[in-house]
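J.: This structure is in structure tokens; I'll ask about it shortly.
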Amino acid sequence: MDIRKRGNRFTVVLDDNTGRLEVSLFSEAFQQFRHLLEKDEIVVINGSLRYDDFNGAWQVNARNILHIDRVIETRAKSMILNLAPNGGGKALLTQLHDVLLPFRKGNCDVAVQYTGSGAAARLSLGPEWSVRPSRELRDKLIDLLGQNSIRFVYTPGRELM
């Protein structure tokens, strides 16, 4: 939303349409991460949260900022693909094979979830089908399976890279 400079600190105001949050960065950190701080970009911020009595609001002192694509690629442990009932059968599975094939050899396991009116199942594709969940792969899967058809499970407890 806004970037302000006060002395050797920068304040970046983030807004996700549900609320605003101020993020403080020293000049060096701001220069390092400024390319990520653009309108409509999704970022993940690692830092310390504190309540600012003067402003009456929470504020983050940022240590690290990453683009959401990098976080997904490095932290996603597994990707669950939701297949719709009567969603294409064998032809869809062939297309899914063709989409996943070039992205294999990654660290993100893939599972296929099917929920129909009379049955539900989840099938893990196994380690030979682990993928790198890049933006390109995610876009292709959304084109094939539809919006909201992909869910990620992340590795807990690790600091951001």
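Residue numbering restarts at 1 in every chain; chains get A, B, ... in the order shown in the structure tokens, and ligands count up from 1 in that same order.
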Can you pull out the residues contacting range 69-82 of chain A? Cut-off 8 Å, using only C-alpha atoms, and skip same-chain residues under 3 positions away; I want them as an MDAnalysis selection string.
T.: chainID A and resid 44 66 107:115 132:135 145 149:155 160
J.: Using the chain letters and numbers from this document, which residues of chain A does DSSP assign to helix (DSSP H, G or I), as JSON, numbers by chain?
T.: {"A": [27, 28, 29, 30, 31, 32, 33, 34, 35, 36, 68, 69, 70, 71, 72, 73, 74, 75, 89, 90, 91, 92, 93, 94, 95, 96, 97, 98, 99, 100, 101, 102, 103, 127, 128, 129, 135, 136, 137, 138, 139, 140, 141, 142, 143, 144, 145]}
J.: Restricted to C-alpha atoms, what would the selected residues look like written as a PDB file, in the first residue's frame?
T.:
```pdb
ATOM      1  CA  SER A  27      17.793   0.515   5.034  1.00  0.00           C
ATOM      2  CA  GLU A  28      20.052  -2.450   4.212  1.00  0.00           C
ATOM      3  CA  ALA A  29      17.191  -4.961   4.484  1.00  0.00           C
ATOM      4  CA  PHE A  30      14.886  -2.692   2.488  1.00  0.00           C
ATOM      5  CA  GLN A  31      17.434  -2.502  -0.340  1.00  0.00           C
ATOM      6  CA  GLN A  32      17.800  -6.289  -0.261  1.00  0.00           C
ATOM      7  CA  PHE A  33      14.051  -6.969  -0.472  1.00  0.00           C
ATOM      8  CA  ARG A  34      12.640  -3.930  -2.280  1.00  0.00           C
ATOM      9  CA  HIS A  35      12.191  -5.880  -5.548  1.00  0.00           C
ATOM     10  CA  LEU A  36       9.636  -8.087  -3.750  1.00  0.00           C
ATOM     11  CA  ILE A  68       5.296 -16.838  -2.171  1.00  0.00           C
ATOM     12  CA  ASP A  69       6.462 -18.899  -5.180  1.00  0.00           C
ATOM     13  CA  ARG A  70       9.844 -19.530  -3.534  1.00  0.00           C
ATOM     14  CA  VAL A  71       8.186 -20.538  -0.263  1.00  0.00           C
ATOM     15  CA  ILE A  72       5.904 -22.998  -2.046  1.00  0.00           C
ATOM     16  CA  GLU A  73       8.808 -24.496  -3.998  1.00  0.00           C
ATOM     17  CA  THR A  74      11.056 -24.916  -0.959  1.00  0.00           C
ATOM     18  CA  ARG A  75       8.577 -25.734   1.825  1.00  0.00           C
ATOM     19  CA  GLY A  89     -11.734 -40.366 -16.582  1.00  0.00           C
ATOM     20  CA  LYS A  90      -8.801 -41.968 -18.379  1.00  0.00           C
ATOM     21  CA  ALA A  91      -8.267 -38.958 -20.666  1.00  0.00           C
ATOM     22  CA  LEU A  92      -7.825 -36.703 -17.628  1.00  0.00           C
ATOM     23  CA  LEU A  93      -5.311 -39.115 -16.088  1.00  0.00           C
ATOM     24  CA  THR A  94      -3.315 -39.114 -19.330  1.00  0.00           C
ATOM     25  CA  GLN A  95      -3.317 -35.309 -19.360  1.00  0.00           C
ATOM     26  CA  LEU A  96      -2.311 -35.243 -15.696  1.00  0.00           C
ATOM     27  CA  HIS A  97       0.588 -37.603 -16.480  1.00  0.00           C
ATOM     28  CA  ASP A  98       1.739 -35.310 -19.301  1.00  0.00           C
ATOM     29  CA  VAL A  99       1.564 -32.202 -17.097  1.00  0.00           C
ATOM     30  CA  LEU A 100       3.460 -33.749 -14.157  1.00  0.00           C
ATOM     31  CA  LEU A 101       6.143 -35.559 -16.182  1.00  0.00           C
ATOM     32  CA  PRO A 102       8.499 -32.598 -16.914  1.00  0.00           C
ATOM     33  CA  PHE A 103       8.425 -31.458 -13.247  1.00  0.00           C
ATOM     34  CA  PRO A 127       8.379 -41.016  -4.659  1.00  0.00           C
ATOM     35  CA  GLU A 128       9.138 -41.419  -8.373  1.00  0.00           C
ATOM     36  CA  TRP A 129       6.423 -38.831  -9.037  1.00  0.00           C
ATOM     37  CA  ARG A 135       4.504 -21.536 -10.680  1.00  0.00           C
ATOM     38  CA  GLU A 136       4.475 -23.040 -14.181  1.00  0.00           C
ATOM     39  CA  LEU A 137       3.361 -26.454 -12.898  1.00  0.00           C
ATOM     40  CA  ARG A 138       0.722 -24.934 -10.631  1.00  0.00           C
ATOM     41  CA  ASP A 139      -0.676 -22.852 -13.511  1.00  0.00           C
ATOM     42  CA  LYS A 140      -0.856 -25.914 -15.770  1.00  0.00           C
ATOM     43  CA  LEU A 141      -2.611 -27.936 -13.073  1.00  0.00           C
ATOM     44  CA  ILE A 142      -5.145 -25.149 -12.487  1.00  0.00           C
ATOM     45  CA  ASP A 143      -5.822 -25.019 -16.241  1.00  0.00           C
ATOM     46  CA  LEU A 144      -6.364 -28.783 -16.260  1.00  0.00           C
ATOM     47  CA  LEU A 145      -8.201 -29.338 -12.969  1.00  0.00           C
TER      48      LEU A 145
END
```
J.: Go ahead and compute the interatomic distance for CA of Lys5 in chain A and CA of Ser24 in chain A, in Å to one decimal.
T.: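 Distance reported for this atom pair: 9.7 Å.
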J.: Just checking: using only C-alpha atoms, which residue out of A:Val12, A:Ala62, A:Ala119, A:Leu21 ends up closest to Glu38 in chain A?
T.: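 Checking each candidate against Glu38 in chain A, we get A:Val12 as the closest.
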J.: Could you please determine the separation between CA of Asn8 in chain A and CA of Lys39 in chain A in Å, to one decimal place?
T.: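 If I compute the distance from CA of Asn8 in chain A to CA of Lys39 in chain A, I get 22.9 Å.
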J.: Among the residues of range 42-146 of chain A, find those DSSP assigns to strand (DSSP E or B) from the backbone and print them as an MDAnalysis selection string.
T.: chainID A and resid 43:52 57:67 76:83 104:115 120:124 131
J.: For each of A:Leu14, A:Asn61, A:Ser124, A:Arg20, take the minimum atom-to-atom distance to Val43 in chain A, counting only C-alpha atoms, then give the residue where this is smallest.
T.: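 Residue with the minimum atom-to-atom distance to Val43 in chain A: A:Leu14.
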